[in-house]
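Report on the following structure.
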Amino acid sequence: MVKVLVTGGNGQLGTDVALLLKRHSYDVYAYGRDRLDITNQSQVQDVVRQIQPDVIIHTAAYTKVDQAETDSDMAYLVNAVGTRNIAVEAERYQAKLIYISTDYVFDGTADTPYSEFASVNPVSMYGKSKWAGEEFVRQLCSRFFIVRTSWVYGKHGHNFVKTMLRLAETRNELRVVHDQIGSPTYTVDLALFLLQLLQTEAYGTYHASNSGVCSWYEFACAIFEEAGLSHIQVHPIPTAEYPLPAPRPAYSVLDHMMIRLQNMSDLRHWREGLQSFLKEL
Ligand SMILES: NC(=O)c1ccc[n+]([C@@H]2O[C@H](COP(=O)([O-])OP(=O)(O)OC[C@H]3O[C@@H](n4cnc5c(N)ncnc54)[C@H](OP(=O)(O)O)[C@@H]3O)[C@@H](O)[C@H]2O)c1
């Protein structure tokens with residue numbers, strides 16, 4: 001049986017990755033921060049030595065994008081140093097490492113999709129710390145996949161879709177940003193892609209989000225349409241009317257060039273992912 005260690009095992013992606021791999025008969029060790037704090041190097045050494053995994057899927061991260069602006073040491077400790085700790089052990093046991101990264105490594109000033117070969121320029125602390133994690137993986141590991149994804153939502157965590165559904169319980173009107181464009185990604189669809197990837201030796205950096213693009217406003221409209229919530233009126237607003245501490249890339253569409261070049265199956269359209277998610281919920 002192939003042994004897989006999943007970091008961030010209680011997070012929204014980690015949970016669905018673990019469930020999917022178990023269903024496919026993998027020997028899965030999905031550890032949350034309580035059992036595997038990635039910033040604790042000796043604990044990482046002990047856990048990896050005990051399990052001796054064939055594959056490590058590293059989903060654990062400091063994901064509070066706005067808080068990271070004022071808590072940058074913690075963002076770097078988890079996303080960069082924590083990732084280094086995982087990378088060192090992956091290399092020691094020659095495990096394949098899949099590191100989940102983000103569209104926030106780009107500045108979002110482009111007007112065509114970013115391929116895996118495009119230059120990065122993260123504008124937020126979160127994006128910078130995740131990029132620093134990528135750098136450690138590239139420097140320290142010989143068998144790695146870096147998978148950049150975007151706008152993630154799933155059953156087991158807090159996310160935009162759940163927030164919209166909750167707000168619809170008490171509101172008839174909402175204002176949602178229309179000038180940030182990207183691709184929503186359903187955790188189950190991303191997990192299916194990771195399952196495909198880990199069986200290969202096609203190492204490198206991948207862009208993997210659900211296909212198709214939309215703005216947050218369009219995404220919100222789709223959520224209410226698919227959920228049959230016609231009472232709610234959604235108004236498009238510019239980012240300037242909804243200021244947040246961390247800057248977001250305006251255009252963060254990922255070109256899935258490596259998926260194409262490797263003849264892998266791409267992720268389905270975001271709207272189909274959304275339909276499945278709402279059914280599952
Ligand atoms: N969410 C998105 O929109 C998005 C977009 C692009 C990329 N990503 C990337 O996708 C991956 C999965 O994201 P997600 O949405 O599943 O995030 P999530 O639900 O916030 O899960 C991240 C998990 O990491 C854990 N964690 C934090 N610090 C840790 C530490 N020191 N040691 C061990 N675990 C720790 C968290 O545990 P606690 O709950 O105890 O803090 C949490 O369970 C992350 O690498 C993220 O950067 C996410």
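Each chain in the structure tokens gets a letter, A, B and so on, in the order shown; residues start at 1 in every chain, and ligands are counted from 1 in the order they appear.
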
Please identify every residue of chain A that has at least one atom no farther than 9 Å from an atom of ligand 1, counting only C-alpha atoms and all ligand atoms, and for each give the shortest atom pair and the distance in Å to one decimal, arranged by chain then increasing number, as CSV.
residue,atom,partner,partner_atom_place_in_ligand_line,distance
A:Thr7,CA,ligand 1,34 (N),6.3
A:Gly8,CA,ligand 1,24 (O),4.1
A:Gly9,CA,ligand 1,43 (O),6.3
A:Asn10,CA,ligand 1,43 (O),4.5
A:Gly11,CA,ligand 1,43 (O),3.4
A:Gln12,CA,ligand 1,16 (O),3.8
A:Leu13,CA,ligand 1,16 (O),3.8
A:Gly14,CA,ligand 1,16 (O),5.8
A:Thr15,CA,ligand 1,16 (O),7.9
A:Asp16,CA,ligand 1,16 (O),8.9
A:Tyr31,CA,ligand 1,33 (C),7.9
A:Gly32,CA,ligand 1,34 (N),5.5
A:Arg33,CA,ligand 1,33 (C),3.7
A:Asp34,CA,ligand 1,40 (O),7.4
A:Arg35,CA,ligand 1,33 (C),8.1
A:Leu36,CA,ligand 1,33 (C),5.6
A:Asp37,CA,ligand 1,32 (N),3.5
A:Ile38,CA,ligand 1,32 (N),4.1
A:Thr39,CA,ligand 1,31 (N),5.1
A:Asn40,CA,ligand 1,31 (N),7.7
A:His58,CA,ligand 1,45 (O),7.0
A:Thr59,CA,ligand 1,45 (O),4.3
A:Ala60,CA,ligand 1,24 (O),3.4
A:Ala61,CA,ligand 1,24 (O),4.3
A:Tyr62,CA,ligand 1,27 (C),4.9
A:Thr63,CA,ligand 1,20 (O),5.0
A:Lys64,CA,ligand 1,20 (O),7.4
A:Met74,CA,ligand 1,31 (N),8.9
A:Ala75,CA,ligand 1,28 (N),8.8
A:Leu77,CA,ligand 1,31 (N),7.8
A:Val78,CA,ligand 1,31 (N),5.2
A:Asn79,CA,ligand 1,47 (O),7.8
A:Gly82,CA,ligand 1,31 (N),6.8
A:Tyr99,CA,ligand 1,45 (O),7.2
A:Ile100,CA,ligand 1,45 (O),4.7
A:Ser101,CA,ligand 1,7 (C),5.1
A:Thr102,CA,ligand 1,7 (C),3.9
A:Asp103,CA,ligand 1,6 (C),6.0
A:Tyr104,CA,ligand 1,6 (C),7.2
A:Tyr126,CA,ligand 1,47 (O),8.2
A:Gly127,CA,ligand 1,47 (O),8.6
A:Lys130,CA,ligand 1,47 (O),6.8
A:Val147,CA,ligand 1,7 (C),8.7
A:Arg148,CA,ligand 1,7 (C),6.4
A:Thr149,CA,ligand 1,6 (C),4.7
A:Ser150,CA,ligand 1,6 (C),4.0
A:Trp151,CA,ligand 1,3 (O),3.8
A:Val152,CA,ligand 1,3 (O),3.8
A:Tyr153,CA,ligand 1,1 (N),6.5
A:Gly154,CA,ligand 1,15 (O),8.0
A:His156,CA,ligand 1,19 (O),7.4
A:Gly157,CA,ligand 1,19 (O),5.3
A:His158,CA,ligand 1,19 (O),6.9
A:Asn159,CA,ligand 1,1 (N),7.0
A:Phe160,CA,ligand 1,3 (O),8.5
A:Pro184,CA,ligand 1,3 (O),8.1
A:Thr185,CA,ligand 1,3 (O),8.0
A:Thr187,CA,ligand 1,16 (O),7.8
A:Ser209,CA,ligand 1,6 (C),8.9

| said: I need the alpha helix (DSSP H) residues of range 90-179 of chain A per DSSP on the backbone, written as a PyMOL selection string. | reply: chain A and resi 90-92+125-140+160-168

| query | Between A:Met264, A:Met258, A:Ile181, A:Ala246, which one has atoms that come closest to Glu69 in chain A, using only C-alpha atoms? | reply |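 When distances to Glu69 in chain A are compared using only C-alpha atoms, the smallest one comes from A:Ala246.
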
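Of the listed residues (A:Trp131, A:Tyr251, A:Tyr29, A:Tyr76), A:Trp131 comes nearest to Ile146 in chain A; the distances count only C-alpha atoms.
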
| Could you pull the residues within 10 Å of Val253 in chain A, counting only C-alpha atoms, minus those fewer than 4 positions along the same chain, as a PyMOL selection string? | chain A and resi 103+106+108+110-115+149-150+180-184+207+209+211-214+249

Based on the selection just made, write all heavy atoms of those residues as a compact mmCIF listing (two decimals), in the first residue's frame.
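Once written, out.txt looks like this:
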# COMPACT_ATOMS: atom_id res chain seq x y z
N ASP A 103 -2.35 31.27 -6.43
CA ASP A 103 -2.35 32.28 -7.49
C ASP A 103 -1.82 33.62 -6.97
O ASP A 103 -1.44 34.48 -7.76
CB ASP A 103 -3.77 32.47 -8.04
CG ASP A 103 -4.79 32.81 -6.95
OD1 ASP A 103 -4.60 32.37 -5.80
OD2 ASP A 103 -5.77 33.51 -7.25
N PHE A 106 1.31 35.81 -8.03
CA PHE A 106 1.32 36.76 -9.14
C PHE A 106 0.73 38.10 -8.69
O PHE A 106 -0.06 38.14 -7.74
CB PHE A 106 0.51 36.20 -10.31
CG PHE A 106 1.10 34.93 -10.87
CD1 PHE A 106 0.42 33.73 -10.73
CD2 PHE A 106 2.33 34.93 -11.50
CE1 PHE A 106 0.96 32.54 -11.23
CE2 PHE A 106 2.88 33.76 -12.00
CZ PHE A 106 2.19 32.57 -11.86
N GLY A 108 -1.15 40.07 -10.60
CA GLY A 108 -2.50 40.27 -11.14
C GLY A 108 -2.62 41.44 -12.09
O GLY A 108 -3.73 41.90 -12.37
N ALA A 110 -1.54 41.28 -15.24
CA ALA A 110 -1.60 40.75 -16.61
C ALA A 110 -3.04 40.81 -17.14
O ALA A 110 -3.98 41.06 -16.37
CB ALA A 110 -1.10 39.31 -16.63
N ASP A 111 -3.20 40.60 -18.44
CA ASP A 111 -4.57 40.48 -18.94
C ASP A 111 -4.76 39.19 -19.74
O ASP A 111 -5.75 39.00 -20.41
CB ASP A 111 -4.98 41.72 -19.75
CG ASP A 111 -3.97 42.07 -20.82
OD1 ASP A 111 -3.07 41.24 -21.09
OD2 ASP A 111 -4.05 43.18 -21.39
N THR A 112 -3.75 38.32 -19.66
CA THR A 112 -3.91 36.96 -20.18
C THR A 112 -3.48 36.00 -19.07
O THR A 112 -2.69 36.39 -18.19
CB THR A 112 -3.02 36.73 -21.44
OG1 THR A 112 -1.68 37.08 -21.10
CG2 THR A 112 -3.49 37.56 -22.62
N PRO A 113 -3.98 34.75 -19.11
CA PRO A 113 -3.70 33.83 -18.01
C PRO A 113 -2.21 33.59 -17.76
O PRO A 113 -1.41 33.55 -18.69
CB PRO A 113 -4.41 32.54 -18.46
CG PRO A 113 -5.51 33.01 -19.34
CD PRO A 113 -4.96 34.19 -20.08
N TYR A 114 -1.86 33.44 -16.49
CA TYR A 114 -0.47 33.20 -16.08
C TYR A 114 -0.14 31.72 -16.23
O TYR A 114 -0.80 30.87 -15.64
CB TYR A 114 -0.29 33.55 -14.60
CG TYR A 114 -0.35 35.03 -14.29
CD1 TYR A 114 -1.52 35.60 -13.82
CD2 TYR A 114 0.78 35.84 -14.44
CE1 TYR A 114 -1.58 36.96 -13.51
CE2 TYR A 114 0.72 37.19 -14.13
CZ TYR A 114 -0.46 37.75 -13.68
OH TYR A 114 -0.50 39.09 -13.37
N SER A 115 0.90 31.41 -17.00
CA SER A 115 1.35 30.02 -17.10
C SER A 115 2.33 29.74 -15.96
O SER A 115 2.77 30.64 -15.25
CB SER A 115 2.01 29.74 -18.45
OG SER A 115 3.39 30.03 -18.37
N THR A 149 -3.09 26.82 -6.86
CA THR A 149 -4.53 26.81 -7.08
C THR A 149 -5.12 28.15 -6.66
O THR A 149 -4.37 29.07 -6.29
CB THR A 149 -5.17 25.62 -6.32
OG1 THR A 149 -6.54 25.50 -6.71
CG2 THR A 149 -5.08 25.79 -4.81
N SER A 150 -6.45 28.29 -6.76
CA SER A 150 -7.06 29.60 -6.47
C SER A 150 -8.48 29.45 -5.95
O SER A 150 -9.17 28.48 -6.25
CB SER A 150 -7.10 30.42 -7.77
OG SER A 150 -7.84 29.74 -8.76
N GLN A 180 -12.23 41.77 -9.65
CA GLN A 180 -11.20 40.74 -9.39
C GLN A 180 -11.67 39.48 -10.10
O GLN A 180 -12.75 38.97 -9.82
CB GLN A 180 -11.04 40.46 -7.90
CG GLN A 180 -10.32 41.56 -7.13
CD GLN A 180 -10.32 41.27 -5.63
OE1 GLN A 180 -10.25 40.13 -5.20
NE2 GLN A 180 -10.41 42.32 -4.85
N ILE A 181 -10.80 38.99 -11.00
CA ILE A 181 -11.17 37.86 -11.86
C ILE A 181 -10.30 36.66 -11.51
O ILE A 181 -9.09 36.80 -11.36
CB ILE A 181 -10.90 38.21 -13.36
CG1 ILE A 181 -11.45 39.59 -13.72
CG2 ILE A 181 -11.43 37.13 -14.30
CD1 ILE A 181 -12.93 39.69 -13.78
N GLY A 182 -10.91 35.50 -11.43
CA GLY A 182 -10.14 34.28 -11.13
C GLY A 182 -10.95 33.03 -11.40
O GLY A 182 -11.97 33.09 -12.11
N SER A 183 -10.53 31.93 -10.81
CA SER A 183 -11.23 30.66 -11.01
C SER A 183 -11.50 29.98 -9.67
O SER A 183 -10.55 29.57 -8.99
CB SER A 183 -10.38 29.71 -11.87
OG SER A 183 -10.01 30.35 -13.07
N PRO A 184 -12.76 29.86 -9.30
CA PRO A 184 -13.11 29.14 -8.07
C PRO A 184 -12.71 27.67 -8.22
O PRO A 184 -12.78 27.11 -9.32
CB PRO A 184 -14.63 29.25 -8.01
CG PRO A 184 -15.01 30.35 -8.95
CD PRO A 184 -13.95 30.38 -10.00
N HIS A 207 -0.36 24.50 -12.52
CA HIS A 207 -1.51 25.35 -12.19
C HIS A 207 -2.76 24.50 -12.27
O HIS A 207 -3.02 23.87 -13.31
CB HIS A 207 -1.59 26.52 -13.18
CG HIS A 207 -0.54 27.56 -12.93
ND1 HIS A 207 -0.36 28.65 -13.74
CD2 HIS A 207 0.37 27.67 -11.91
CE1 HIS A 207 0.63 29.40 -13.24
NE2 HIS A 207 1.09 28.82 -12.15
N SER A 209 -6.74 24.82 -11.17
CA SER A 209 -7.96 25.40 -10.60
C SER A 209 -9.10 24.83 -11.44
O SER A 209 -8.84 24.23 -12.49
CB SER A 209 -7.92 26.93 -10.73
OG SER A 209 -7.55 27.28 -12.05
N SER A 211 -11.74 24.93 -14.31
CA SER A 211 -11.63 25.67 -15.57
C SER A 211 -12.64 26.81 -15.61
O SER A 211 -13.61 26.82 -14.85
CB SER A 211 -11.92 24.74 -16.75
OG SER A 211 -11.18 23.57 -16.62
N GLY A 212 -12.42 27.73 -16.55
CA GLY A 212 -13.33 28.87 -16.69
C GLY A 212 -12.97 29.97 -15.71
O GLY A 212 -12.24 29.74 -14.74
N VAL A 213 -13.47 31.17 -15.98
CA VAL A 213 -13.14 32.31 -15.11
C VAL A 213 -14.40 33.10 -14.76
O VAL A 213 -15.41 33.02 -15.47
CB VAL A 213 -12.13 33.27 -15.79
CG1 VAL A 213 -10.84 32.55 -16.13
CG2 VAL A 213 -12.72 33.93 -17.02
N CYS A 214 -14.32 33.85 -13.69
CA CYS A 214 -15.44 34.73 -13.30
C CYS A 214 -14.91 35.78 -12.33
O CYS A 214 -13.79 35.66 -11.83
CB CYS A 214 -16.57 33.93 -12.65
SG CYS A 214 -16.09 33.05 -11.16
N PRO A 249 -4.54 40.25 -6.14
CA PRO A 249 -4.32 40.41 -7.59
C PRO A 249 -5.66 40.62 -8.29
O PRO A 249 -6.63 39.91 -8.01
CB PRO A 249 -3.67 39.08 -8.00
CG PRO A 249 -3.80 38.14 -6.85
CD PRO A 249 -4.14 38.92 -5.63

| query | Taking into account only C-alpha atoms, which residue in the set A:Lys279, A:Ala208, A:Ile51, A:His178 is nearest to Arg260 in chain A? | reply | A:Ala208

| request: Going by DSSP on the backbone, which bits of range 103-243 of chain A are strand (DSSP E or B)? Write them as a PyMOL selection string, please. | output: chain A and resi 114+144-149+152-153+173-177+181-182+185-186+204-207+211+214-215+233-237

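The protein and nucleic acid residues lying at most 8 Å from Pro245 in chain A are A:Asp66, A:Gln67, A:Glu69, A:Pro243, A:Pro247, with only C-alpha atoms considered and sequence neighbours fewer than 2 positions away removed.
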
Prev. selection, N, CA, C and O atoms, output as a compact mmCIF listing (two decimals), in the first residue's frame:
# COMPACT_ATOMS: atom_id res chain seq x y z
N ASP A 66 -5.43 38.51 5.22
CA ASP A 66 -5.39 39.88 5.73
C ASP A 66 -4.54 39.99 7.00
O ASP A 66 -3.75 40.92 7.15
N GLN A 67 -4.71 39.01 7.88
CA GLN A 67 -3.93 39.01 9.13
C GLN A 67 -2.43 38.93 8.85
O GLN A 67 -1.61 39.47 9.61
N GLU A 69 -0.69 40.46 6.84
CA GLU A 69 -0.06 41.78 6.61
C GLU A 69 0.58 42.32 7.88
O GLU A 69 1.61 42.97 7.83
N PRO A 243 -12.45 47.92 0.74
CA PRO A 243 -11.01 47.82 1.03
C PRO A 243 -10.71 46.79 2.12
O PRO A 243 -11.46 46.68 3.09
N PRO A 247 -3.58 43.55 -0.26
CA PRO A 247 -3.93 43.72 -1.67
C PRO A 247 -4.14 42.37 -2.34
O PRO A 247 -3.46 41.39 -2.01

| task | Find the residue from A:Asp46, A:Glu169, A:Glu226, A:Glu241 that sits nearest to Gly273 in chain A; use only C-alpha atoms when measuring. | result |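 Of A:Asp46, A:Glu169, A:Glu226, A:Glu241, the one nearest Gly273 in chain A is A:Glu226, counting only C-alpha atoms.
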
| field | Distance of CA of Ser276 in chain A from CA of Ala168 in chain A, expressed in Å to one decimal place | value |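 That distance, rounded to one decimal, is 19.6 Å.
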